[in-house]
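Shown below: work38.tsv, with TSV, C-alpha atoms and all ligand atoms.
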chain	number	residue	atom	x	y	z
A	1	MET	CA	33.48	-11.09	-8.69
A	2	ILE	CA	31.19	-12.41	-11.41
A	3	SER	CA	32.40	-13.25	-14.93
A	4	GLY	CA	35.54	-11.17	-14.40
A	5	ARG	CA	33.94	-7.99	-15.63
A	6	ARG	CA	34.25	-5.63	-12.69
A	7	SER	CA	37.07	-3.16	-12.52
A	8	LEU	CA	39.22	-3.35	-9.41
A	9	LEU	CA	39.06	0.42	-9.15
A	10	THR	CA	35.52	0.34	-7.84
A	11	PRO	CA	34.88	2.37	-4.69
A	12	CYS	CA	31.99	-0.05	-4.06
A	13	TRP	CA	34.27	-2.76	-2.72
A	14	PRO	CA	32.78	-5.80	-0.98
A	15	ARG	CA	33.86	-6.61	2.53
A	16	LEU	CA	32.59	-8.88	5.26
A	17	ARG	CA	30.38	-7.34	7.89
A	18	SER	CA	31.97	-7.04	11.28
A	19	GLU	CA	28.86	-7.06	13.45
A	20	LYS	CA	25.10	-6.97	13.18
A	21	LYS	CA	23.36	-3.89	14.50
A	22	ILE	CA	19.87	-3.76	15.98
A	23	MET	CA	17.26	-3.29	13.28
A	24	VAL	CA	15.58	0.10	13.03
A	25	ARG	CA	11.94	0.25	14.19
A	26	THR	CA	9.99	1.81	11.34
A	27	LEU	CA	6.66	1.74	13.15
A	28	TYR	CA	5.26	0.24	16.32
A	29	TRP	CA	2.24	0.30	18.59
A	30	GLU	CA	2.66	1.11	22.26
A	31	ASP	CA	0.18	2.16	24.97
A	32	GLY	CA	-2.60	2.86	22.49
A	33	LYS	CA	-0.44	4.98	20.20
A	34	LEU	CA	0.99	4.32	16.75
A	35	TYR	CA	4.60	5.48	16.49
A	36	LEU	CA	5.99	6.19	13.02
A	37	LEU	CA	9.65	7.00	12.43
A	38	ASP	CA	9.39	10.27	10.47
A	39	GLN	CA	11.19	9.39	7.24
A	40	THR	CA	11.04	12.93	5.91
A	41	LEU	CA	13.60	13.91	8.56
A	42	LEU	CA	16.11	11.10	7.98
A	43	PRO	CA	19.06	10.84	7.95
A	44	TRP	CA	19.48	14.00	10.01
A	45	GLU	CA	16.91	13.43	12.72
A	46	GLU	CA	15.49	10.23	14.22
A	47	LYS	CA	12.12	11.37	15.47
A	48	TYR	CA	8.88	9.43	15.90
A	49	VAL	CA	5.41	10.82	15.16
A	50	ALA	CA	2.98	9.56	17.82
A	51	CYS	CA	-0.52	9.10	16.34
A	52	THR	CA	-3.57	9.03	18.59
A	53	ASP	CA	-6.07	9.77	15.82
A	54	TYR	CA	-6.35	7.71	12.62
A	55	ARG	CA	-6.33	10.97	10.63
A	56	GLN	CA	-2.74	11.60	11.74
A	57	ALA	CA	-1.78	8.28	10.19
A	58	VAL	CA	-3.61	9.21	6.97
A	59	ALA	CA	-1.62	12.46	6.81
A	60	ALA	CA	1.63	10.63	7.61
A	61	ILE	CA	1.06	8.23	4.70
A	62	ARG	CA	0.16	11.07	2.33
A	63	GLU	CA	3.15	13.19	3.36
A	64	MET	CA	5.45	10.13	3.24
A	65	GLN	CA	6.51	10.26	6.88
A	66	VAL	CA	5.83	6.56	6.50
A	67	ARG	CA	6.39	5.19	3.00
A	68	GLY	CA	7.22	2.00	1.11
A	69	ALA	CA	4.44	-0.36	0.05
A	70	PRO	CA	4.42	-2.88	2.93
A	71	ALA	CA	4.98	-0.19	5.60
A	72	ILE	CA	2.07	1.82	4.22
A	73	GLY	CA	-0.13	-1.30	4.49
A	74	VAL	CA	0.90	-1.97	8.10
A	75	ALA	CA	0.47	1.70	9.08
A	76	ALA	CA	-3.01	1.71	7.53
A	77	ALA	CA	-3.94	-1.45	9.45
A	78	TYR	CA	-2.88	0.20	12.73
A	79	ALA	CA	-4.78	3.35	11.72
A	80	VAL	CA	-7.97	1.27	11.49
A	81	ALA	CA	-7.18	-0.21	14.91
A	82	MET	CA	-6.72	3.36	16.15
A	83	ALA	CA	-10.17	4.27	14.84
A	84	GLY	CA	-11.56	1.34	16.86
A	85	GLN	CA	-9.99	2.88	19.97
A	86	GLN	CA	-11.35	6.31	19.13
A	87	ARG	CA	-14.88	4.86	18.94
A	88	LEU	CA	-14.30	3.23	22.31
A	89	ARG	CA	-13.35	6.69	23.69
A	90	GLY	CA	-16.70	7.95	22.44
A	91	GLU	CA	-15.40	9.85	19.40
A	92	ASP	CA	-17.67	10.16	16.39
A	93	VAL	CA	-15.70	8.04	13.91
A	94	SER	CA	-17.50	6.08	11.19
A	95	PRO	CA	-15.89	2.89	9.82
A	96	ASP	CA	-16.82	3.87	6.25
A	97	GLN	CA	-15.13	7.25	6.62
A	98	VAL	CA	-12.01	5.68	8.14
A	99	LEU	CA	-11.66	3.23	5.27
A	100	ALA	CA	-12.42	5.92	2.66
A	101	ASP	CA	-9.82	8.33	4.12
A	102	LEU	CA	-7.14	5.67	4.22
A	103	THR	CA	-8.01	4.41	0.73
A	104	ALA	CA	-7.52	7.93	-0.63
A	105	SER	CA	-4.09	8.42	1.00
A	106	ARG	CA	-1.85	6.99	-1.77
A	107	PRO	CA	-2.97	5.21	-4.95
A	108	THR	CA	-0.21	2.92	-6.24
A	109	ALA	CA	1.02	0.59	-3.47
A	110	VAL	CA	-1.52	-2.23	-3.43
A	111	ASN	CA	-0.43	-3.35	0.06
A	112	LEU	CA	-2.49	-0.43	1.36
A	113	PHE	CA	-5.70	-1.79	-0.16
A	114	TRP	CA	-4.78	-5.38	0.70
A	115	ALA	CA	-4.36	-4.45	4.39
A	116	LEU	CA	-7.53	-2.33	4.40
A	117	GLU	CA	-9.56	-5.20	2.95
A	118	ARG	CA	-8.29	-7.47	5.73
A	119	MET	CA	-9.14	-4.89	8.36
A	120	GLN	CA	-12.56	-4.26	6.83
A	121	ARG	CA	-13.40	-7.99	6.85
A	122	CYS	CA	-12.28	-8.19	10.47
A	123	TRP	CA	-14.35	-5.13	11.44
A	124	GLU	CA	-17.45	-6.42	9.67
A	125	LYS	CA	-17.16	-9.73	11.54
A	126	ALA	CA	-16.75	-7.90	14.86
A	127	MET	CA	-19.69	-5.49	14.36
A	128	GLY	CA	-21.97	-7.50	16.64
A	129	LEU	CA	-19.49	-7.18	19.53
A	130	GLY	CA	-19.09	-4.36	22.05
A	131	LEU	CA	-16.77	-1.45	21.25
A	132	ALA	CA	-14.04	-2.73	23.58
A	133	GLU	CA	-13.99	-6.11	21.89
A	134	GLN	CA	-14.08	-4.52	18.44
A	135	ALA	CA	-11.04	-2.42	19.34
A	136	HIS	CA	-9.31	-5.52	20.67
A	137	VAL	CA	-9.84	-7.67	17.55
A	138	LEU	CA	-8.87	-4.81	15.23
A	139	LEU	CA	-5.60	-4.32	17.06
A	140	ALA	CA	-4.94	-8.07	17.05
A	141	GLU	CA	-5.45	-8.16	13.26
A	142	ALA	CA	-3.15	-5.16	12.70
A	143	GLU	CA	-0.48	-6.83	14.84
A	144	ARG	CA	-0.87	-10.02	12.78
A	145	ILE	CA	-0.37	-8.08	9.53
A	146	HIS	CA	2.71	-6.43	11.07
A	147	ARG	CA	4.19	-9.77	12.21
A	148	GLU	CA	3.42	-11.56	8.95
A	149	ASP	CA	5.15	-8.86	6.95
A	150	LEU	CA	8.32	-9.20	9.01
A	151	GLU	CA	8.25	-12.99	8.56
A	152	ALA	CA	7.67	-12.59	4.80
A	153	ASN	CA	10.68	-10.29	4.52
A	154	ARG	CA	12.95	-12.73	6.29
A	155	ALA	CA	11.81	-15.52	3.94
A	156	ILE	CA	12.36	-13.24	0.92
A	157	GLY	CA	15.87	-12.61	2.22
A	158	ARG	CA	16.62	-16.33	2.57
A	159	TYR	CA	15.38	-17.19	-0.94
A	160	GLY	CA	16.95	-14.15	-2.54
A	161	ALA	CA	20.37	-14.64	-0.95
A	162	GLU	CA	20.81	-17.74	-3.12
A	163	LEU	CA	20.77	-15.49	-6.18
A	164	VAL	CA	23.54	-13.18	-4.97
A	165	PRO	CA	27.03	-14.52	-5.67
A	166	PRO	CA	29.72	-13.84	-3.04
A	167	GLY	CA	31.34	-10.46	-3.57
A	168	ALA	CA	28.57	-9.19	-5.84
A	169	SER	CA	27.86	-5.54	-6.60
A	170	VAL	CA	24.12	-5.01	-6.22
A	171	LEU	CA	22.40	-1.96	-7.62
A	172	THR	CA	19.11	-0.79	-6.14
A	173	ILE	CA	16.77	2.19	-6.32
A	174	CYS	CA	14.63	3.96	-3.74
A	175	ASN	CA	14.40	2.25	-0.36
A	176	ALA	CA	12.99	-1.25	-0.13
A	177	GLY	CA	14.47	-1.93	3.28
A	178	SER	CA	13.49	-1.98	6.95
A	179	LEU	CA	12.17	1.54	6.56
A	180	ALA	CA	9.76	0.49	3.79
A	181	THR	CA	8.43	-2.56	5.63
A	182	SER	CA	7.80	-3.97	9.10
A	183	GLY	CA	11.54	-4.59	9.25
A	184	TYR	CA	14.41	-6.30	7.41
A	185	GLY	CA	13.16	-5.23	3.97
A	186	THR	CA	12.45	-6.85	0.60
A	187	ALA	CA	15.27	-5.87	-1.81
A	188	LEU	CA	17.42	-4.87	1.17
A	189	GLY	CA	16.26	-8.02	2.99
A	190	VAL	CA	17.99	-9.99	0.22
A	191	VAL	CA	21.05	-7.77	0.62
A	192	ARG	CA	21.03	-8.32	4.41
A	193	ALA	CA	20.70	-12.08	4.06
A	194	ALA	CA	23.56	-12.24	1.55
A	195	ALA	CA	25.81	-9.71	3.27
A	196	ASP	CA	27.79	-12.17	5.36
A	197	ARG	CA	29.34	-13.57	2.18
A	198	GLY	CA	30.52	-10.10	1.23
A	199	LEU	CA	28.79	-7.74	-1.16
A	200	CYS	CA	28.43	-4.07	-1.86
A	201	VAL	CA	25.49	-1.93	-2.84
A	202	TRP	CA	25.13	0.92	-5.31
A	203	ALA	CA	22.25	3.08	-4.07
A	204	CYS	CA	20.62	5.28	-6.73
A	205	GLU	CA	19.71	8.57	-5.06
A	206	THR	CA	16.11	8.42	-6.37
A	207	ARG	CA	15.04	11.91	-7.33
A	208	PRO	CA	12.84	13.67	-6.41
A	209	ARG	CA	12.30	12.42	-2.83
A	210	LEU	CA	15.81	10.97	-2.50
A	211	GLN	CA	14.81	7.79	-0.67
A	212	GLY	CA	17.95	6.06	-1.97
A	213	ALA	CA	20.26	8.85	-0.80
A	214	ARG	CA	18.56	9.62	2.51
A	215	LEU	CA	17.18	6.25	3.58
A	216	THR	CA	18.98	3.34	1.88
A	217	THR	CA	22.47	4.63	2.67
A	218	TRP	CA	21.46	5.42	6.27
A	219	GLU	CA	19.87	2.03	6.79
A	220	LEU	CA	22.73	0.03	5.29
A	221	GLN	CA	25.35	1.96	7.21
A	222	GLN	CA	23.51	1.16	10.44
A	223	ASP	CA	23.97	-2.49	9.51
A	224	ASP	CA	27.57	-2.11	8.42
A	225	ILE	CA	26.79	-3.10	4.83
A	226	PRO	CA	29.05	-1.36	2.28
A	227	VAL	CA	27.04	1.12	0.25
A	228	THR	CA	28.02	3.76	-2.29
A	229	LEU	CA	25.64	6.53	-3.33
A	230	ILE	CA	25.26	7.45	-7.00
A	231	THR	CA	22.94	9.84	-8.81
A	232	ASP	CA	20.27	8.13	-10.88
A	233	ASN	CA	21.91	8.95	-14.20
A	234	MET	CA	25.15	7.12	-13.29
A	235	ALA	CA	23.70	3.59	-13.36
A	236	GLY	CA	24.26	3.03	-17.10
A	237	TYR	CA	27.90	4.10	-16.93
A	238	LEU	CA	28.55	1.70	-14.03
A	239	MET	CA	26.97	-1.18	-15.95
A	240	GLN	CA	28.99	-0.28	-19.05
A	241	GLN	CA	32.13	-0.56	-16.93
A	242	GLY	CA	31.10	-3.98	-15.60
A	243	ARG	CA	30.74	-2.67	-12.05
A	244	VAL	CA	27.23	-3.97	-11.44
A	245	ASP	CA	26.45	-7.69	-11.14
A	246	LEU	CA	22.73	-7.58	-10.55
A	247	VAL	CA	19.84	-5.21	-9.89
A	248	ILE	CA	17.29	-5.81	-7.14
A	249	THR	CA	14.31	-3.54	-6.55
A	250	GLY	CA	11.13	-3.66	-4.52
A	251	ALA	CA	7.65	-3.17	-5.97
A	252	ASP	CA	4.51	-1.22	-5.21
A	253	ARG	CA	2.17	-3.38	-7.25
A	254	ILE	CA	2.68	-6.39	-9.50
A	255	ALA	CA	0.01	-7.21	-12.07
A	256	ALA	CA	-1.16	-10.75	-12.89
A	257	ASN	CA	1.02	-10.80	-16.03
A	258	GLY	CA	4.14	-9.82	-14.05
A	259	ASP	CA	4.29	-6.12	-14.97
A	260	VAL	CA	5.74	-4.17	-12.04
A	261	ALA	CA	4.98	-0.67	-10.77
A	262	ASN	CA	7.83	0.63	-8.65
A	263	LYS	CA	9.62	3.90	-7.91
A	264	ILE	CA	10.14	6.17	-10.91
A	265	GLY	CA	13.42	5.20	-12.55
A	266	THR	CA	12.94	1.45	-12.08
A	267	TYR	CA	11.95	0.96	-15.72
A	268	SER	CA	15.12	2.70	-16.92
A	269	LEU	CA	17.22	0.38	-14.74
A	270	ALA	CA	15.41	-2.68	-16.09
A	271	VAL	CA	16.08	-1.59	-19.69
A	272	LEU	CA	19.72	-0.93	-18.86
A	273	ALA	CA	20.05	-4.31	-17.11
A	274	ALA	CA	18.56	-6.11	-20.15
A	275	TYR	CA	20.95	-4.30	-22.51
A	276	HIS	CA	23.92	-5.24	-20.34
A	277	ARG	CA	22.61	-8.81	-19.80
A	278	LEU	CA	22.42	-8.38	-16.05
A	279	PRO	CA	19.79	-10.09	-13.88
A	280	PHE	CA	16.97	-7.78	-12.82
A	281	TYR	CA	15.17	-9.12	-9.73
A	282	VAL	CA	12.05	-7.80	-8.04
A	283	ALA	CA	11.69	-8.70	-4.35
A	284	ALA	CA	8.18	-8.41	-2.93
A	285	PRO	CA	5.77	-10.13	-0.55
A	286	LEU	CA	2.59	-11.72	-1.91
A	287	SER	CA	0.64	-8.73	-0.54
A	288	THR	CA	2.19	-6.68	-3.38
A	289	PHE	CA	0.67	-8.87	-6.12
A	290	ASP	CA	-2.64	-7.64	-7.50
A	291	ARG	CA	-4.57	-10.39	-9.24
A	292	THR	CA	-7.26	-7.90	-10.25
A	293	ALA	CA	-4.79	-5.95	-12.39
A	294	ALA	CA	-4.29	-7.84	-15.66
A	295	SER	CA	-1.30	-5.70	-16.66
A	296	ALA	CA	0.43	-2.41	-15.80
A	297	GLU	CA	-2.33	-0.59	-17.65
A	298	ASP	CA	-4.60	-1.35	-14.70
A	299	ILE	CA	-2.18	0.14	-12.15
A	300	PRO	CA	-2.75	3.79	-11.18
A	301	ILE	CA	0.46	5.79	-11.17
A	302	GLU	CA	0.57	8.47	-8.49
A	303	GLU	CA	1.45	12.00	-9.56
A	304	ARG	CA	2.78	14.13	-6.75
A	305	ASN	CA	3.22	17.82	-6.04
A	306	PRO	CA	5.38	19.58	-8.69
A	307	GLU	CA	7.26	21.32	-5.87
A	308	GLU	CA	9.02	18.00	-5.16
A	309	VAL	CA	10.82	18.40	-8.51
A	310	ARG	CA	11.25	22.17	-8.37
A	311	ARG	CA	13.15	21.80	-5.13
A	312	VAL	CA	15.89	19.71	-3.61
A	313	GLY	CA	14.93	19.53	0.02
A	314	ARG	CA	13.90	23.07	0.90
A	315	GLU	CA	16.08	24.67	-1.75
A	316	ALA	CA	14.32	25.94	-4.89
A	317	LEU	CA	16.04	24.96	-8.16
A	318	VAL	CA	13.68	26.83	-10.46
A	319	PRO	CA	10.89	29.41	-10.18
A	320	ALA	CA	7.37	28.15	-9.45
A	321	THR	CA	6.43	29.16	-13.02
A	322	ILE	CA	8.40	26.24	-14.54
A	323	PRO	CA	6.02	23.46	-15.53
A	324	VAL	CA	6.81	20.09	-13.97
A	325	TYR	CA	5.70	16.50	-14.47
A	326	ASN	CA	6.12	14.36	-11.34
A	327	PRO	CA	5.02	10.71	-11.64
A	328	ALA	CA	6.12	8.86	-8.48
A	329	PHE	CA	6.24	5.40	-10.08
A	330	ASP	CA	6.75	3.77	-13.47
A	331	PRO	CA	5.67	0.44	-14.97
A	332	THR	CA	8.33	-2.14	-15.88
A	333	PRO	CA	7.13	-4.78	-18.37
A	334	ALA	CA	7.26	-8.37	-17.11
A	335	ALA	CA	9.58	-9.32	-19.98
A	336	LEU	CA	12.38	-7.34	-18.31
A	337	VAL	CA	12.07	-9.11	-14.93
A	338	THR	CA	14.48	-12.04	-14.52
A	339	ALA	CA	12.60	-13.38	-11.47
A	340	PHE	CA	10.39	-12.40	-8.55
A	341	ILE	CA	11.67	-13.13	-5.05
A	342	THR	CA	8.76	-13.82	-2.70
A	343	GLU	CA	8.23	-15.44	0.69
A	344	ARG	CA	7.13	-18.59	-1.18
A	345	GLY	CA	10.30	-18.79	-3.25
A	346	VAL	CA	11.76	-17.44	-6.48
A	347	ILE	CA	9.36	-17.25	-9.43
A	348	TYR	CA	10.75	-17.42	-12.97
A	349	PRO	CA	8.90	-16.91	-16.28
A	350	PRO	CA	6.52	-17.65	-17.87
A	351	TYR	CA	4.81	-15.30	-15.44
A	352	PRO	CA	1.13	-15.38	-15.91
A	353	GLU	CA	1.21	-19.17	-15.38
A	354	LYS	CA	3.84	-19.30	-12.61
A	355	LEU	CA	2.39	-16.34	-10.72
A	356	ALA	CA	-1.09	-17.83	-10.90
A	357	GLN	CA	0.25	-21.08	-9.41
A	358	VAL	CA	1.94	-19.32	-6.49
A	359	LEU	CA	-0.93	-16.92	-5.82
A	360	SER	CA	-3.70	-19.54	-5.97
B	401	LIG	O1	7.14	6.63	-2.78
B	401	LIG	P1	7.67	5.55	-1.89
B	401	LIG	O2	8.91	5.92	-1.14
B	401	LIG	O3	6.59	5.00	-0.98
B	401	LIG	O4	8.05	4.38	-2.89
B	401	LIG	C1	8.59	3.19	-2.40
B	401	LIG	C2	9.03	2.26	-3.46
B	401	LIG	O5	8.90	2.51	-4.62
B	401	LIG	C3	9.56	0.94	-2.98
B	401	LIG	O6	10.49	0.43	-3.91
B	401	LIG	C4	8.40	-0.06	-2.89
B	401	LIG	O7	7.36	0.48	-2.13
B	401	LIG	C5	8.83	-1.34	-2.27
B	401	LIG	S1	9.21	-1.17	-0.55
B	401	LIG	C6	9.57	-2.71	0.05

Give the structure from the file, written as structure tokens.
Amino acid sequence: MISGRRSLLTPCWPRLRSEKKIMVRTLYWEDGKLYLLDQTLLPWEEKYVACTDYRQAVAAIREMQVRGAPAIGVAAAYAVAMAGQQRLRGEDVSPDQVLADLTASRPTAVNLFWALERMQRCWEKAMGLGLAEQAHVLLAEAERIHREDLEANRAIGRYGAELVPPGASVLTICNAGSLATSGYGTALGVVRAAADRGLCVWACETRPRLQGARLTTWELQQDDIPVTLITDNMAGYLMQQGRVDLVITGADRIAANGDVANKIGTYSLAVLAAYHRLPFYVAAPLSTFDRTAASAEDIPIEERNPEEVRRVGREALVPATIPVYNPAFDPTPAALVTAFITERGVIYPPYPEKLAQVLS
């Protein structure tokens, strides 16, 4: 317990983990196919979508069968590799169209564009080679991106674990875990790395797509990490009661000044954490930092289908005539971020300077 604030009545009670379970495979490449665990079906069904055409991967990203900034980047990299294979099979697939289709799939997570730039550079370099060799180098680059992301997450976990006191109650939003990355996770990577010392997690349900309810609780239970689900509007009450020790979230894009775009609701948590003098950490790999965005004003915020808000799952809450606003992300000002946890270590303010040092 930290600073003796937490009530002993908490249902979110830390305990040591008994055993480690095998990590879930969010996406993988096998026999020329890209397999994506369909996250729209979790936690009820564990089913993989097998993509043999890059357009299937584009649709899977758009429909959020694969989601989470780093996972979107890795899936897009494999989609480009898939296009290389399609050209080898004689299909009429143009590199420009492939990159344009993937670029248009989702706008906020910068990892998508970061991965596509890497794949584009690789493709341009390979253009003088035969189609078989092009396909080979594209797949090798996608596999490198996949591997590097997993390594980054493990490093984030190691650095971040130092910030989590034994027995802490950690509050998080959305899903920044194995399912959102190549494996292990960013925010949940920190949780995993610190879990042996005992901790518990409050998972905000994360309306409207319910990634916290459907994905974070599922993933943590697989790993035997104590997790308690709350609705998004309960976070302030828990903090007021002293039942939260720190907040850790992931990020979809971090601007050069340290402003963070992450799942809608993150900003509210950061404001609440500041009011209650709780640390607010953002865990993200360097591929999530966008040096070309000076501040949050340069980050596009995705607006999604109003039906996501009008419904819970398939159930309609209101008639289709009710107007809805559905931004999928919100910007959190850098001033509210206690520190960034990256694969190169923990970065504290002042951000423009410290981030520039790490990113250079
Ligand atoms: O709309 P989503 O589910 O793709 O949003 C995901 C998030 O906001 C995550 O917090 C972020 O991508 C970091 S994942 C390591």

Which residues of chain A come within 7 Å of ligand LIG 401 (chain B), and for each one, what is the closest pair of atoms and their distance in Å to one decimal, counting only C-alpha atoms and all ligand atoms, sorted by chain and residue number, as a Markdown table?
| residue | atom | partner | partner_atom | distance |
| --- | --- | --- | --- | --- |
| A:Met64 | CA | B:LIG401 | O3 | 6.7 |
| A:Arg67 | CA | B:LIG401 | O3 | 4.0 |
| A:Gly68 | CA | B:LIG401 | O7 | 3.6 |
| A:Ala69 | CA | B:LIG401 | O7 | 3.7 |
| A:Pro70 | CA | B:LIG401 | C6 | 5.9 |
| A:Ala109 | CA | B:LIG401 | O7 | 6.5 |
| A:Ile173 | CA | B:LIG401 | O6 | 7.0 |
| A:Cys174 | CA | B:LIG401 | O6 | 5.4 |
| A:Asn175 | CA | B:LIG401 | O6 | 5.6 |
| A:Ala176 | CA | B:LIG401 | C6 | 3.7 |
| A:Gly177 | CA | B:LIG401 | C6 | 5.9 |
| A:Ala180 | CA | B:LIG401 | S1 | 4.7 |
| A:Thr181 | CA | B:LIG401 | C6 | 5.7 |
| A:Gly185 | CA | B:LIG401 | C6 | 5.9 |
| A:Thr186 | CA | B:LIG401 | C6 | 5.1 |
| A:Ala187 | CA | B:LIG401 | C6 | 6.8 |
| A:Gln211 | CA | B:LIG401 | O2 | 6.2 |
| A:Thr249 | CA | B:LIG401 | O6 | 6.1 |
| A:Gly250 | CA | B:LIG401 | C5 | 4.0 |
| A:Ala251 | CA | B:LIG401 | C5 | 4.3 |
| A:Asp252 | CA | B:LIG401 | O7 | 4.5 |
| A:Asn262 | CA | B:LIG401 | O5 | 4.6 |
| A:Lys263 | CA | B:LIG401 | O5 | 3.6 |
| A:Ala284 | CA | B:LIG401 | C6 | 6.6 |
| A:Ala328 | CA | B:LIG401 | O1 | 6.2 |
| A:Phe329 | CA | B:LIG401 | O5 | 6.7 |

With C-alpha atoms retained, could you export that selection as an mmCIF file, keeping the file's coordinate frame?
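This went into again19.cif:
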data_model
loop_
_atom_site.group_PDB
_atom_site.id
_atom_site.type_symbol
_atom_site.label_atom_id
_atom_site.label_comp_id
_atom_site.auth_asym_id
_atom_site.auth_seq_id
_atom_site.Cartn_x
_atom_site.Cartn_y
_atom_site.Cartn_z
ATOM 1 C CA MET A 64 5.450 10.130 3.240
ATOM 2 C CA ARG A 67 6.390 5.190 3.000
ATOM 3 C CA GLY A 68 7.220 2.000 1.110
ATOM 4 C CA ALA A 69 4.440 -0.360 0.050
ATOM 5 C CA PRO A 70 4.420 -2.880 2.930
ATOM 6 C CA ALA A 109 1.020 0.590 -3.470
ATOM 7 C CA ILE A 173 16.770 2.190 -6.320
ATOM 8 C CA CYS A 174 14.630 3.960 -3.740
ATOM 9 C CA ASN A 175 14.400 2.250 -0.360
ATOM 10 C CA ALA A 176 12.990 -1.250 -0.130
ATOM 11 C CA GLY A 177 14.470 -1.930 3.280
ATOM 12 C CA ALA A 180 9.760 0.490 3.790
ATOM 13 C CA THR A 181 8.430 -2.560 5.630
ATOM 14 C CA GLY A 185 13.160 -5.230 3.970
ATOM 15 C CA THR A 186 12.450 -6.850 0.600
ATOM 16 C CA ALA A 187 15.270 -5.870 -1.810
ATOM 17 C CA GLN A 211 14.810 7.790 -0.670
ATOM 18 C CA THR A 249 14.310 -3.540 -6.550
ATOM 19 C CA GLY A 250 11.130 -3.660 -4.520
ATOM 20 C CA ALA A 251 7.650 -3.170 -5.970
ATOM 21 C CA ASP A 252 4.510 -1.220 -5.210
ATOM 22 C CA ASN A 262 7.830 0.630 -8.650
ATOM 23 C CA LYS A 263 9.620 3.900 -7.910
ATOM 24 C CA ALA A 284 8.180 -8.410 -2.930
ATOM 25 C CA ALA A 328 6.120 8.860 -8.480
ATOM 26 C CA PHE A 329 6.240 5.400 -10.080
#

**Q.** Distance query 12 Å from (13.4, -11.2, -11.6) using all atoms listed in the file, result as a ChimeraX atom specification
**A.** /A:160,163,187,246-251,254,258-260,270,273-274,278-284,332-342,345-351

Q | d(CA of Ala293 (chain A), CA of Glu353 (chain A)) in Å | A |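 So the two atoms, CA of Ala293 (chain A) and CA of Glu353 (chain A), lie 14.8 Å apart.
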
Q.
Just want the 9 Å neighbourhood of Glu151 (chain A), counted on all atoms listed in the file, with same-chain residues fewer than 5 positions away dropped. Output as a PyMOL selection string.
A. chain A and resi 146+156+343

For those residues, write C-alpha atoms to a file as a short mmCIF file (atom, residue, chain, number, x, y, z; two decimals), in the coordinates of the input.
data_model
loop_
_atom_site.label_atom_id
_atom_site.label_comp_id
_atom_site.auth_asym_id
_atom_site.auth_seq_id
_atom_site.Cartn_x
_atom_site.Cartn_y
_atom_site.Cartn_z
CA HIS A 146 2.71 -6.43 11.07
CA ILE A 156 12.36 -13.24 0.92
CA GLU A 343 8.23 -15.44 0.69
#

Q) To one decimal place, how far is CA of Gln85 (chain A) from CA of Arg55 (chain A) in Å? A) 12.9 Å

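Between CA of Gly198 (chain A) and CA of Thr172 (chain A) the interatomic distance comes to 16.5 Å.
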
Q) What lies within 9 Å of Trp202 (chain A) using all atoms listed in the file, ignoring chain neighbours under 5 positions off, as a VMD selection string? A) chain A and resid 12 169 to 173 226 to 230 235 244

With 3 Å on each side, where is the centre of the axis-aligned box around all listed atoms of region 183-193 of chain A, and how long are its edges in Å to one decimal, as lines of an AutoDock Vina configuration file?
center_x = 16.3
center_y = -8.3
center_z = 3.7
size_x = 15.5
size_y = 13.5
size_z = 17.1

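Between Val190 (chain A) and the residues A:Gly212, A:Tyr159, A:Glu219, A:Glu297, the shortest atom-to-atom distance, using only C-alpha atoms, involves A:Tyr159.
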
Q | Selection as a ChimeraX atom specification: residues within 8 Å of (-0.9, -13.3, -14.8), counting all atoms listed in the file | A | /A:255-258,291,294-295,351-356

(Q) Can you tell me which residues surround Ile301 (chain A) at a distance of at most 9 Å, considering all atoms listed in the file, apart from same-chain residues fewer than 5 positions away, and format the answer as an MDAnalysis selection string? (A) chainID A and resid 107:108 261 327:331

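With distances restricted to all atoms listed in the file, A:Val66 is the closest residue to Leu41 (chain A) from A:Met82, A:Ala104, A:Val66, A:Val98.
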
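Distances from A:Val164, A:Val58, A:Cys122, A:Leu269 to Gly236 (chain A) were compared using all atoms listed in the file, and the smallest one belongs to A:Leu269.
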
Q | Distance criterion (only C-alpha atoms): nearest to Arg304 (chain A) out of A:Arg197, A:Lys33, A:Arg243, A:Arg62 | A |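 For Arg304 (chain A), the nearest of the given residues is A:Arg62.
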
Q | Exercise: region 324-326 of chain A partners within 7 Å, only C-alpha atoms, chain neighbours under 5 positions left out, as a PyMOL selection string | A | chain A and resi 303-306+309

Take the residues that were just selected and, keeping C-alpha atoms, output them as a JSON list (two decimals), in the frame of the given file.
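This went into out_10.json:
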[["chain", "number", "residue", "atom", "x", "y", "z"],
["A", 303, "GLU", "CA", 1.45, 12.00, -9.56],
["A", 304, "ARG", "CA", 2.78, 14.13, -6.75],
["A", 305, "ASN", "CA", 3.22, 17.82, -6.04],
["A", 306, "PRO", "CA", 5.38, 19.58, -8.69],
["A", 309, "VAL", "CA", 10.82, 18.40, -8.51]]

Q.
With distances taken over all atoms listed in the file, which residue among A:Leu139, A:Arg121, A:Leu215, A:Met127 lies nearest Asp38 (chain A)?
A. A:Leu215

Q: Tell me, as a VMD selection string, which residues lie within 12 Å of Gly73 (chain A), counting all atoms listed in the file; anything in the same chain fewer than 2 positions away does not count.
A: chain A and resid 27 57 to 58 61 66 to 71 75 to 80 102 to 103 105 to 119 142 to 143 145 to 146 148 to 149 180 to 182 252 285 287 to 288

Q) So which one's closest to Ala296 (chain A), A:Leu37, A:Arg253, A:His276, A:Leu199? Using only C-alpha atoms, please. A)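 The shortest atom-to-atom distance to Ala296 (chain A) comes from A:Arg253.
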